[in-house]
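One file, structure.txt, carrying compact mmCIF, C-alpha atoms:
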```txt
# COMPACT_ATOMS: atom_id res chain seq x y z
CA MET M 1 -39.66 -4.98 -4.14
CA ILE M 2 -36.12 -6.24 -3.59
CA ILE M 3 -37.28 -8.10 -0.47
CA LYS M 4 -39.91 -9.95 -2.54
CA LYS M 5 -37.23 -11.16 -4.91
CA ILE M 6 -34.92 -12.45 -2.23
CA THR M 7 -35.80 -16.06 -1.70
CA TRP M 8 -35.89 -17.85 1.64
CA ARG M 9 -32.55 -19.43 0.86
CA TYR M 10 -30.99 -16.01 0.54
CA ALA M 11 -32.66 -14.84 3.75
CA ILE M 12 -31.24 -17.81 5.72
CA LEU M 13 -27.78 -17.26 4.23
CA LEU M 14 -27.79 -13.56 5.06
CA SER M 15 -28.99 -14.30 8.61
CA LEU M 16 -26.10 -16.75 9.03
CA LEU M 17 -23.69 -14.08 7.86
CA VAL M 18 -25.12 -11.62 10.40
CA VAL M 19 -24.58 -14.28 13.10
CA LEU M 20 -20.98 -14.65 11.87
CA ILE M 21 -20.46 -10.91 12.32
CA ILE M 22 -21.64 -10.97 15.93
CA LEU M 23 -19.59 -14.03 16.87
CA PRO M 24 -16.98 -13.34 19.59
CA ASN M 25 -13.55 -12.20 18.40
CA PRO M 26 -11.43 -15.15 19.67
CA PHE M 27 -13.61 -17.56 17.72
CA THR M 28 -13.47 -15.61 14.43
CA LYS M 29 -9.72 -15.13 14.91
CA LYS M 30 -9.27 -18.90 14.84
CA ILE M 31 -11.37 -19.16 11.66
CA LYS M 32 -9.27 -16.43 10.02
CA GLU M 33 -6.04 -18.13 11.06
CA PHE M 34 -7.23 -21.45 9.68
CA LEU M 35 -8.32 -19.93 6.36
CA ILE M 36 -5.18 -17.81 5.82
CA LEU M 37 -2.81 -20.71 6.45
CA PRO M 38 -2.80 -22.17 2.88
CA SER M 39 -2.24 -18.74 1.33
CA ILE M 40 0.61 -17.40 3.49
CA ASP M 41 3.42 -18.63 1.21
CA ILE M 42 1.63 -17.45 -1.94
CA LEU M 43 1.06 -14.07 -0.30
CA LYS M 44 4.75 -13.79 0.63
CA HIS M 45 5.83 -14.60 -2.93
CA SER M 46 3.32 -12.23 -4.52
CA SER M 47 4.41 -9.47 -2.15
CA THR M 48 8.06 -9.99 -3.17
CA SER M 49 7.06 -10.05 -6.85
CA SER M 50 5.03 -6.84 -6.57
CA ASP M 51 7.94 -5.16 -4.76
CA ASN M 52 10.28 -6.28 -7.55
CA ILE M 53 7.92 -4.90 -10.21
CA ILE M 54 7.74 -1.56 -8.39
CA HIS M 55 11.54 -1.49 -8.02
CA PHE M 56 11.97 -2.24 -11.72
CA LEU M 57 9.54 0.53 -12.69
CA LYS M 58 11.29 2.99 -10.42
CA THR M 59 14.89 2.14 -11.34
CA LYS M 60 15.81 5.72 -12.30
CA GLU M 61 14.14 7.14 -9.20
CA ILE M 62 15.98 4.59 -7.02
CA LEU M 63 19.34 5.43 -8.61
CA ASP M 64 18.78 9.15 -7.94
CA GLU M 65 17.68 8.36 -4.40
CA ASN M 66 20.76 6.17 -3.92
CA ARG M 67 23.05 9.02 -4.99
CA GLU M 68 21.25 11.40 -2.61
CA LEU M 69 21.41 8.87 0.23
CA LYS M 70 25.16 8.36 -0.25
CA LYS M 71 25.65 12.08 0.24
CA GLN M 72 23.47 11.98 3.33
CA VAL M 73 25.38 8.97 4.73
CA SER M 74 28.70 10.80 4.55
CA LEU M 75 27.16 13.79 6.34
CA LEU M 76 25.53 11.59 8.95
CA LYS M 77 28.78 9.74 9.63
CA LYS M 78 30.35 13.03 10.69
CA GLU M 79 27.29 13.79 12.81
CA ILE M 80 27.47 10.36 14.50
CA VAL M 81 30.99 11.06 15.73
CA THR M 82 29.82 14.33 17.31
CA LEU M 83 26.70 12.72 18.76
CA LYS M 84 28.69 9.83 20.22
CA GLU M 85 30.60 12.35 22.28
CA VAL M 86 27.34 13.98 23.40
CA GLN M 87 25.89 10.56 24.28
CA LEU M 88 28.85 9.66 26.46
CA GLU M 89 28.65 13.03 28.16
CA ASN M 90 24.90 12.56 28.60
CA GLU M 91 25.38 9.13 30.18
CA ARG M 92 27.95 10.53 32.59
CA LEU M 93 25.53 13.28 33.60
CA TYR M 94 22.69 10.77 33.99
CA LYS M 95 24.84 8.79 36.41
CA LEU M 96 25.92 11.93 38.18
CA LEU M 97 22.36 13.13 38.71
CA GLY M 98 20.98 9.66 39.44
CA PHE M 99 18.26 9.98 36.79
CA LYS M 100 16.26 6.98 35.65
CA ARG M 101 18.04 5.47 32.67
CA ARG M 102 16.74 5.59 29.15
CA HIS M 103 16.02 2.40 27.30
CA LYS M 104 16.98 0.82 24.07
CA PHE M 105 14.75 -1.57 22.23
CA LYS M 106 14.94 -5.23 21.49
CA THR M 107 13.41 -5.56 18.05
CA VAL M 108 12.40 -8.14 15.50
CA ALA M 109 12.71 -7.26 11.80
CA CYS M 110 9.58 -8.11 9.82
CA LYS M 111 8.84 -8.01 6.11
CA ILE M 112 5.49 -6.67 4.96
CA ILE M 113 3.65 -9.32 2.98
CA GLY M 114 0.30 -7.63 2.54
CA LYS M 115 -1.99 -4.72 3.23
CA ASP M 116 -5.62 -4.59 4.28
CA PRO M 117 -7.62 -5.12 1.07
CA SER M 118 -10.22 -2.53 2.10
CA ASN M 119 -9.80 1.22 2.46
CA TRP M 120 -11.42 1.41 5.88
CA LEU M 121 -8.67 -0.10 7.97
CA GLN M 122 -5.10 1.10 7.74
CA THR M 123 -3.37 -2.17 8.52
CA ILE M 124 -0.41 -4.14 7.18
CA ILE M 125 0.41 -7.83 7.45
CA VAL M 126 3.94 -8.93 8.36
CA ASP M 127 5.70 -12.29 8.00
CA LYS M 128 6.43 -12.81 11.71
CA GLY M 129 4.08 -13.88 14.47
CA LYS M 130 3.85 -15.45 17.91
CA ASP M 131 6.50 -18.01 16.92
CA ASN M 132 8.99 -15.14 16.65
CA GLY M 133 7.97 -13.59 19.97
CA ILE M 134 5.58 -10.95 18.63
CA LYS M 135 2.53 -10.31 20.77
CA GLU M 136 -0.54 -8.12 20.55
CA GLY M 137 0.10 -4.55 21.69
CA ASP M 138 3.77 -4.43 20.65
CA ALA M 139 4.88 -1.10 19.19
CA VAL M 140 6.15 -1.10 15.61
CA ILE M 141 8.74 1.29 14.17
CA SER M 142 10.76 1.69 10.98
CA TYR M 143 14.13 3.29 10.33
CA SER M 144 12.37 6.65 9.95
CA GLY M 145 9.80 6.65 12.75
CA LEU M 146 6.71 5.23 14.39
CA VAL M 147 4.62 2.85 12.29
CA GLY M 148 1.88 1.58 14.62
CA LYS M 149 1.10 -1.33 16.91
CA VAL M 150 0.38 -5.04 16.62
CA ILE M 151 -3.35 -5.73 16.89
CA GLU M 152 -3.48 -9.37 15.86
CA ALA M 153 -0.69 -11.90 16.29
CA ASN M 154 -1.10 -15.34 14.76
CA ASN M 155 1.54 -18.05 14.85
CA SER M 156 3.30 -17.06 11.66
CA ILE M 157 1.88 -13.65 10.69
CA SER M 158 0.76 -10.47 12.47
CA LYS M 159 -1.48 -7.54 11.64
CA ILE M 160 -0.28 -4.04 12.43
CA LEU M 161 -2.56 -1.04 12.87
CA LEU M 162 -0.90 1.99 11.28
CA ILE M 163 -0.68 5.46 12.85
CA THR M 164 -2.87 6.80 10.04
CA ASP M 165 -5.84 4.73 11.26
CA PRO M 166 -8.38 6.77 13.26
CA SER M 167 -8.67 4.06 15.93
CA LEU M 168 -4.99 4.28 16.95
CA LYS M 169 -4.25 6.91 19.61
CA VAL M 170 -0.69 7.83 20.58
CA ALA M 171 0.42 10.18 23.37
CA ALA M 172 2.79 12.63 21.68
CA ARG M 173 4.90 15.71 22.26
CA ILE M 174 6.06 18.61 20.09
CA GLN M 175 9.84 18.24 20.27
CA ARG M 176 10.68 21.97 20.23
CA THR M 177 8.04 23.37 22.59
CA ARG M 178 7.50 20.20 24.73
CA ASP M 179 3.71 20.65 24.45
CA GLU M 180 1.81 17.41 24.76
CA GLY M 181 -1.23 16.09 22.95
CA LEU M 182 -2.89 13.01 21.54
CA ILE M 183 -2.34 11.79 18.00
CA GLU M 184 -4.96 9.92 16.00
CA GLY M 185 -5.07 8.83 12.37
CA LEU M 186 -6.85 10.85 9.74
CA TYR M 187 -6.61 8.62 6.62
CA ARG M 188 -4.95 10.05 3.46
CA ASN M 189 -1.57 9.33 5.10
CA LEU M 190 -2.04 12.06 7.70
CA CYS M 191 -2.57 12.27 11.47
CA ARG M 192 -4.20 14.81 13.78
CA MET M 193 -2.71 15.97 17.08
CA LYS M 194 -5.42 17.05 19.50
CA TYR M 195 -5.53 18.69 22.95
CA LEU M 196 -2.59 21.06 22.35
CA PRO M 197 -2.81 24.07 24.72
CA LEU M 198 -4.11 27.30 23.17
CA GLU M 199 -1.00 29.19 24.32
CA ALA M 200 1.38 26.69 22.68
CA LYS M 201 3.46 28.40 20.00
CA ILE M 202 3.62 25.62 17.45
CA LEU M 203 5.09 26.22 14.02
CA LYS M 204 4.83 24.39 10.73
CA GLY M 205 7.73 21.97 10.43
CA ASP M 206 7.95 21.24 14.17
CA LYS M 207 8.87 17.62 14.83
CA VAL M 208 6.49 15.42 16.83
CA ILE M 209 7.75 12.54 19.00
CA THR M 210 6.13 9.99 21.32
CA SER M 211 5.80 11.25 24.88
CA GLY M 212 6.12 7.84 26.49
CA PHE M 213 2.99 8.26 28.63
CA SER M 214 1.38 5.19 27.17
CA GLN M 215 2.55 1.72 28.13
CA ILE M 216 2.92 0.71 24.50
CA PHE M 217 5.06 3.34 22.80
CA PRO M 218 8.49 4.17 24.28
CA GLU M 219 9.49 7.81 24.65
CA GLY M 220 11.25 9.78 21.91
CA ILE M 221 10.25 7.93 18.75
CA LEU M 222 9.80 10.31 15.82
CA ILE M 223 6.23 10.44 14.53
CA GLY M 224 6.25 13.20 11.95
CA GLU M 225 6.10 16.95 11.46
CA VAL M 226 3.44 19.62 11.77
CA VAL M 227 2.00 20.71 8.42
CA GLU M 228 -1.06 22.67 9.57
CA ILE M 229 -2.25 24.26 12.81
CA ASP M 230 -5.81 25.14 13.63
CA LYS M 231 -8.11 25.72 16.60
CA ASP M 232 -10.58 23.04 17.60
CA PRO M 233 -14.23 24.06 16.89
CA SER M 234 -14.79 24.17 20.67
CA CYS M 235 -11.90 26.74 20.94
CA LEU M 236 -10.61 24.87 24.00
CA TYR M 237 -7.44 23.58 22.41
CA GLN M 238 -5.35 23.62 19.23
CA VAL M 239 -5.27 20.91 16.63
CA ALA M 240 -2.25 20.20 14.43
CA ILE M 241 -2.21 18.14 11.27
CA ILE M 242 0.82 15.87 11.26
CA LYS M 243 2.49 14.34 8.23
CA PRO M 244 3.99 11.03 9.42
CA GLU M 245 7.71 10.56 8.81
CA VAL M 246 6.95 7.03 7.68
CA LYS M 247 5.41 6.74 4.22
CA VAL M 248 2.87 4.13 5.22
CA ASN M 249 1.92 3.04 1.70
CA LYS M 250 5.55 2.51 0.68
CA LEU M 251 6.74 0.53 3.68
CA GLU M 252 8.55 -2.74 2.99
CA GLU M 253 10.15 -3.67 6.31
CA VAL M 254 9.36 -2.76 9.91
CA LEU M 255 10.80 -3.41 13.35
CA CYS M 256 8.59 -4.79 16.06
CA ILE M 257 9.62 -3.68 19.56
CA GLN M 258 9.49 -6.77 21.75
CA ASP M 259 11.10 -5.45 24.86
CA THR M 260 13.06 -2.52 26.22
CA GLU M 261 16.32 -2.85 28.08
CA SER M 262 18.61 -0.44 29.91
CA PHE M 263 21.85 0.76 28.38
CA MET U 264 -21.49 -20.37 -18.66
CA HIS U 265 -18.83 -22.99 -19.35
CA THR U 266 -17.48 -24.85 -16.28
CA GLY U 267 -13.91 -24.18 -17.40
CA TYR U 268 -14.64 -20.48 -17.51
CA ARG U 269 -16.16 -20.62 -14.03
CA ILE U 270 -12.98 -22.19 -12.65
CA PHE U 271 -11.03 -19.51 -14.49
CA LEU U 272 -13.17 -16.80 -12.81
CA ILE U 273 -12.54 -18.29 -9.36
CA PHE U 274 -8.83 -18.22 -10.13
CA ILE U 275 -9.19 -14.59 -11.27
CA ILE U 276 -10.85 -13.72 -7.93
CA TYR U 277 -7.91 -15.27 -6.07
CA LEU U 278 -5.42 -13.43 -8.27
CA ALA U 279 -7.32 -10.16 -7.78
CA TRP U 280 -7.21 -10.70 -4.00
CA LEU U 281 -3.41 -11.09 -4.15
CA ILE U 282 -3.10 -7.92 -6.25
CA GLN U 283 -5.54 -6.06 -3.98
CA SER U 284 -3.52 -6.94 -0.87
CA THR U 285 -0.05 -6.30 -2.31
CA PHE U 286 0.42 -4.32 -5.52
CA LEU U 287 -2.59 -1.98 -5.27
CA GLY U 288 -1.13 -0.38 -2.15
CA TYR U 289 1.35 1.36 -4.48
CA LEU U 290 -1.41 2.70 -6.73
CA GLN U 291 -3.30 4.66 -4.10
CA ILE U 292 -4.84 7.96 -5.13
CA ALA U 293 -5.86 10.32 -2.33
CA GLY U 294 -5.16 7.52 0.15
CA VAL U 295 -7.59 5.03 -1.40
CA LYS U 296 -7.31 2.07 -3.71
CA PRO U 297 -9.95 0.57 -6.01
CA ASP U 298 -11.86 -2.53 -4.98
CA ILE U 299 -11.12 -4.83 -7.92
CA LEU U 300 -12.70 -7.77 -6.10
CA LEU U 301 -16.03 -5.93 -6.09
CA CYS U 302 -15.58 -5.14 -9.80
CA ILE U 303 -15.12 -8.84 -10.58
CA VAL U 304 -18.11 -9.84 -8.43
CA ILE U 305 -20.28 -7.26 -10.27
CA PHE U 306 -19.09 -8.56 -13.65
CA ILE U 307 -19.81 -12.18 -12.67
CA SER U 308 -23.24 -11.21 -11.32
CA LEU U 309 -24.08 -9.53 -14.63
CA TYR U 310 -22.83 -12.27 -16.95
CA SER U 311 -23.46 -15.41 -14.95
CA ASP U 312 -26.39 -17.15 -13.23
CA LYS U 313 -27.52 -16.29 -9.68
CA PRO U 314 -26.15 -19.32 -7.77
CA PHE U 315 -22.65 -18.99 -9.26
CA SER U 316 -22.52 -15.22 -8.74
CA LEU U 317 -23.52 -15.72 -5.08
CA LYS U 318 -20.78 -18.34 -4.65
CA ALA U 319 -18.27 -15.98 -6.27
CA GLY U 320 -19.41 -13.17 -3.97
CA LEU U 321 -19.05 -15.35 -0.89
CA PHE U 322 -15.59 -16.53 -1.98
CA ALA U 323 -14.41 -12.96 -2.64
CA GLY U 324 -15.84 -11.85 0.73
CA VAL U 325 -14.07 -14.65 2.62
CA LEU U 326 -10.76 -13.80 0.95
CA LYS U 327 -11.15 -10.12 1.79
CA ASP U 328 -12.13 -10.86 5.38
CA ILE U 329 -9.25 -13.19 6.24
CA LEU U 330 -6.68 -10.46 5.58
CA SER U 331 -8.73 -7.69 7.13
CA ALA U 332 -8.26 -6.74 10.76
CA GLY U 333 -11.92 -5.76 10.93
CA ILE U 334 -15.00 -7.80 11.81
CA PHE U 335 -14.98 -11.26 10.28
CA GLY U 336 -18.06 -11.74 8.11
CA LEU U 337 -18.72 -8.11 7.21
CA ASN U 338 -17.11 -8.31 3.77
CA ILE U 339 -18.74 -11.71 3.14
CA LEU U 340 -22.15 -10.15 3.89
CA ILE U 341 -21.45 -7.12 1.71
CA PHE U 342 -20.18 -9.13 -1.27
CA ALA U 343 -23.08 -11.59 -0.98
CA LEU U 344 -25.55 -8.67 -0.93
CA ALA U 345 -23.82 -7.02 -3.90
CA SER U 346 -24.02 -10.21 -5.95
CA ILE U 347 -27.70 -10.77 -5.01
CA VAL U 348 -28.69 -7.18 -5.89
CA VAL U 349 -26.79 -7.10 -9.19
CA SER U 350 -27.84 -10.58 -10.36
CA ASN U 351 -31.49 -9.75 -9.59
CA TYR U 352 -31.35 -6.80 -11.96
CA SER U 353 -28.91 -8.25 -14.51
CA ASN U 354 -31.67 -8.97 -17.04
CA LYS U 355 -32.79 -5.35 -17.02
CA ILE U 356 -29.32 -3.94 -17.59
CA ASN U 357 -28.16 -3.36 -21.12
CA LYS U 358 -24.93 -5.34 -21.28
CA GLU U 359 -23.81 -3.56 -24.43
CA SER U 360 -23.50 -0.28 -22.57
CA ILE U 361 -20.24 -0.01 -20.65
CA LEU U 362 -21.24 3.39 -19.28
CA LEU U 363 -24.34 1.92 -17.68
CA GLN U 364 -22.24 -0.81 -16.08
CA ILE U 365 -19.72 1.75 -14.78
CA ALA U 366 -22.59 3.75 -13.28
CA LEU U 367 -23.96 0.56 -11.71
CA CYS U 368 -20.51 -0.20 -10.29
CA PHE U 369 -20.30 3.27 -8.75
CA PHE U 370 -23.79 2.89 -7.25
CA ILE U 371 -22.99 -0.56 -5.77
CA ALA U 372 -19.57 0.55 -4.45
CA PHE U 373 -21.18 3.63 -2.87
CA LEU U 374 -24.00 1.58 -1.36
CA MET U 375 -21.67 -1.11 0.01
CA SER U 376 -19.25 1.46 1.47
CA ASN U 377 -22.15 3.06 3.31
CA LEU U 378 -23.24 -0.32 4.61
CA TYR U 379 -19.67 -1.07 5.73
CA TYR U 380 -19.60 2.26 7.55
CA LEU U 381 -22.98 1.65 9.22
CA ILE U 382 -22.22 -1.85 10.49
CA GLY U 383 -18.50 -1.31 11.04
CA ASN U 384 -19.12 1.77 13.15
CA ILE U 385 -20.80 -0.40 15.78
CA TYR U 386 -17.57 -2.32 16.41
CA MET U 387 -14.81 0.01 15.22
CA SER U 388 -14.11 3.71 15.54
CA PHE U 389 -14.55 5.44 12.20
CA PRO U 390 -14.48 9.24 11.76
CA ASP U 391 -17.83 11.05 11.47
CA TYR U 392 -19.96 10.32 8.41
CA PHE U 393 -19.17 13.43 6.33
CA GLN U 394 -15.44 13.02 6.83
CA SER U 395 -15.70 9.35 5.86
CA LEU U 396 -17.81 10.33 2.84
CA ASN U 397 -15.12 12.76 1.65
CA THR U 398 -12.06 10.71 2.45
CA ILE U 399 -13.16 7.12 1.79
CA ILE U 400 -16.66 6.52 0.41
CA ILE U 401 -16.74 8.86 -2.63
CA PRO U 402 -13.04 8.60 -3.66
CA SER U 403 -13.00 4.80 -3.40
CA SER U 404 -16.34 4.45 -5.25
CA LEU U 405 -15.03 6.65 -8.08
CA TYR U 406 -11.74 4.77 -8.24
CA THR U 407 -13.56 1.41 -8.19
CA CYS U 408 -15.88 2.35 -11.07
CA TRP U 409 -12.85 3.53 -13.07
CA ALA U 410 -11.14 0.20 -12.36
CA TYR U 411 -14.33 -1.59 -13.47
CA TYR U 412 -13.66 -0.37 -17.01
CA LEU U 413 -10.35 -2.26 -17.09
CA VAL U 414 -11.83 -5.35 -15.41
CA PHE U 415 -14.73 -5.29 -17.88
CA ILE U 416 -12.44 -5.14 -20.93
CA ILE U 417 -10.20 -7.99 -19.69
CA LEU U 418 -12.99 -10.30 -18.51
CA LEU U 419 -15.26 -9.69 -21.53
CA ARG U 420 -12.39 -10.54 -23.88
CA THR U 421 -11.68 -13.78 -22.01
CA LEU U 422 -15.42 -14.59 -21.98
CA LYS U 423 -15.57 -14.18 -25.78
CA ILE U 424 -12.52 -16.43 -26.20
CA TYR U 425 -14.22 -19.11 -24.09
CA GLN U 426 -17.49 -18.74 -26.01
CA GLN U 427 -15.66 -19.22 -29.32
```

Take the structure in the file and give it back as structure tokens.
Amino acid sequence: MIIKKITWRYAILLSLLVVLIILPNPFTKKIKEFLILPSIDILKHSSTSSDNIIHFLKTKEILDENRELKKQVSLLKKEIVTLKEVQLENERLYKLLGFKRRHKFKTVACKIIGKDPSNWLQTIIVDKGKDNGIKEGDAVISYSGLVGKVIEANNSISKILLITDPSLKVAARIQRTRDEGLIEGLYRNLCRMKYLPLEAKILKGDKVITSGFSQIFPEGILIGEVVEIDKDPSCLYQVAIIKPEVKVNKLEEVLCIQDTESF
Amino acid sequence: MHTGYRIFLIFIIYLAWLIQSTFLGYLQIAGVKPDILLCIVIFISLYSDKPFSLKAGLFAGVLKDILSAGIFGLNILIFALASIVVSNYSNKINKESILLQIALCFFIAFLMSNLYYLIGNIYMSFPDYFQSLNTIIIPSSLYTCWAYYLVFIILLRTLKIYQQ
């Protein structure tokens, strides 16, 4: 009955749209880039305005948080002094044992100007692109942990796939037990860590870090903590539900890792 | 419908797209946000003629697609279909009843989410259907139909002002 009502004009239009869907990705990417160009500045301004509105609405919460953070800063300053000593000792031992050196990252700070309008893809849009040296596949972090990776880099903006998206897989490790597994997104701001050995003694609250086995994500970046442990239906491995350290829906700035260099 | 009001509706779609891609991220419930663009397209399809509602649907779809990292054209197709389906049945729907319109919005949002899952799953990796139903399809459809109530009140008031 519906088909009868749809006129030929509609049928042609819908067929054209189906053709648009199956067009190759590089071609559609250029169309997207061309269409987004006039709106980039408006998007940046509206993002700043919406952030300001949120900040205004949460003034009391921010003041409380500020007080709490000041306390934490003074504690962390003491900890830094201790850790600096450990770092120097660690470096000496690295040299002594001839181990491969660790790396530090060369990063680009990006401001989030938008989020994917749909619920299906967990992506964010940042204000830096190829012009600033960002390329597809770059890892993205924030001050608190892993955020995701760049999946689309245009000249002036980039799209980042978040760790809560089911299509992003990250090789990870439980920091305490050193057990390794694979993390994938689970929506609802959660992740799932699969392929953990059955004998692994994982506890709630255990921290999860990147294992460095993938080419994209450097080793040792904090991902989150275990909130639930269960066996896979196949009973071949354990599955842990991970709460990411990064609050993906409240992110405002991120760091895009461009390169790693020895220290 | 007055031409001035049509231009106003196009502007409203653009404004809704900006809100959808920035501010609504803060108003997530259970990890989902409402689709206010779909709400506006449904409203236009109910209160306007077929050609304009199709144009509005296409415009909203293009806007949604350019910011999405997914397949380009999928949202355009979905919004065009939504506007065609709703405008075909707009004469049979009692426009006085807000509850009926909310129910229609839920039905369309549910139908379009399923369509997105079906086509999107060919190109992207979504979780299995029942997990997607629980985490995305049902929560977002419910949130969208709740948001439709607000969109309906705002747009109907502006429509009455224009008619006066």

> When distances are computed from all atoms listed in the file, which of M:Leu16, M:Ile21, M:Val108, M:Cys191 shows the smallest separation from Gly336 in chain U?
Replying inline: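 Closest to Gly336 in chain U, using all atoms listed in the file: M:Ile21.
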
> Quick one: which residues from chain M are at most 7 Å off chain U, using all atoms listed in the file, as a count of residues only?
Replying inline: 25

> How many Å separate CA of Glu33 in chain M from CA of Ala153 in chain M?
Replying inline: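 Distance between the two atoms: 9.7 Å.
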
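Note that CA of Thr123 in chain M and CA of Lys149 in chain M are 9.5 Å apart.
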
>> What's the separation between CA of Ser360 in chain U and CA of Tyr412 in chain U, in Å to one decimal place?
In response: 11.3 Å

> So which residues touch Trp409 in chain U within 10 Å, counting all atoms listed in the file, skipping near sequence neighbours fewer than 4 positions away, as a ChimeraX atom specification?
Replying inline: /U:297,299,302,365-366,368-369,403-405,413-414

Using only the atoms of range 149-160 of chain M listed in the file, plus 6 Å on each side, state the axis-aligned box centre and edge lengths in Å rounded to one decimal, as lines of an AutoDock Vina configuration file.
```
center_x = -0.1
center_y = -9.7
center_z = 13.8
size_x = 18.8
size_y = 28.7
size_z = 18.2
```

>> Please list as a VMD selection string every residue within 8 Å of Glu245 in chain M, counting only C-alpha atoms and excluding residues in the same chain fewer than 6 positions away.
In response: chain M and resid 144 to 146 222 to 225

> Between U:Leu396, U:Met375, U:Ala345, U:Ile361, which is the closest to Ile307 in chain U once you count only C-alpha atoms?
Replying inline: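 Among the listed residues, the smallest separation from Ile307 in chain U belongs to U:Ala345.
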
What would range 75-87 of chain M look like with N, CA and C atoms in place, written as a short mmCIF file (atom, residue, chain, number, x, y, z; two decimals), in the frame of the given file?
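Saved as selection.cif:
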```cif
data_model
loop_
_atom_site.label_atom_id
_atom_site.label_comp_id
_atom_site.auth_asym_id
_atom_site.auth_seq_id
_atom_site.Cartn_x
_atom_site.Cartn_y
_atom_site.Cartn_z
N LEU M 75 27.44 12.72 5.39
CA LEU M 75 27.16 13.79 6.34
C LEU M 75 26.81 13.23 7.71
N LEU M 76 25.98 12.19 7.69
CA LEU M 76 25.53 11.59 8.95
C LEU M 76 26.66 10.91 9.72
N LYS M 77 27.64 10.37 8.97
CA LYS M 77 28.78 9.74 9.63
C LYS M 77 29.54 10.75 10.49
N LYS M 78 29.68 11.97 9.93
CA LYS M 78 30.35 13.03 10.69
C LYS M 78 29.52 13.37 11.93
N GLU M 79 28.20 13.42 11.71
CA GLU M 79 27.29 13.79 12.81
C GLU M 79 27.32 12.74 13.92
N ILE M 80 27.45 11.45 13.52
CA ILE M 80 27.47 10.36 14.50
C ILE M 80 28.65 10.53 15.47
N VAL M 81 29.79 10.88 14.91
CA VAL M 81 30.99 11.06 15.73
C VAL M 81 30.73 12.13 16.80
N THR M 82 30.13 13.25 16.37
CA THR M 82 29.82 14.33 17.31
C THR M 82 28.81 13.86 18.34
N LEU M 83 27.77 13.17 17.85
CA LEU M 83 26.70 12.72 18.76
C LEU M 83 27.18 11.67 19.75
N LYS M 84 28.15 10.86 19.34
CA LYS M 84 28.69 9.83 20.22
C LYS M 84 29.31 10.49 21.46
N GLU M 85 29.99 11.59 21.19
CA GLU M 85 30.60 12.35 22.28
C GLU M 85 29.51 12.88 23.22
N VAL M 86 28.46 13.43 22.61
CA VAL M 86 27.34 13.98 23.40
C VAL M 86 26.67 12.87 24.21
N GLN M 87 26.54 11.69 23.59
CA GLN M 87 25.89 10.56 24.28
C GLN M 87 26.69 10.15 25.51
#
```
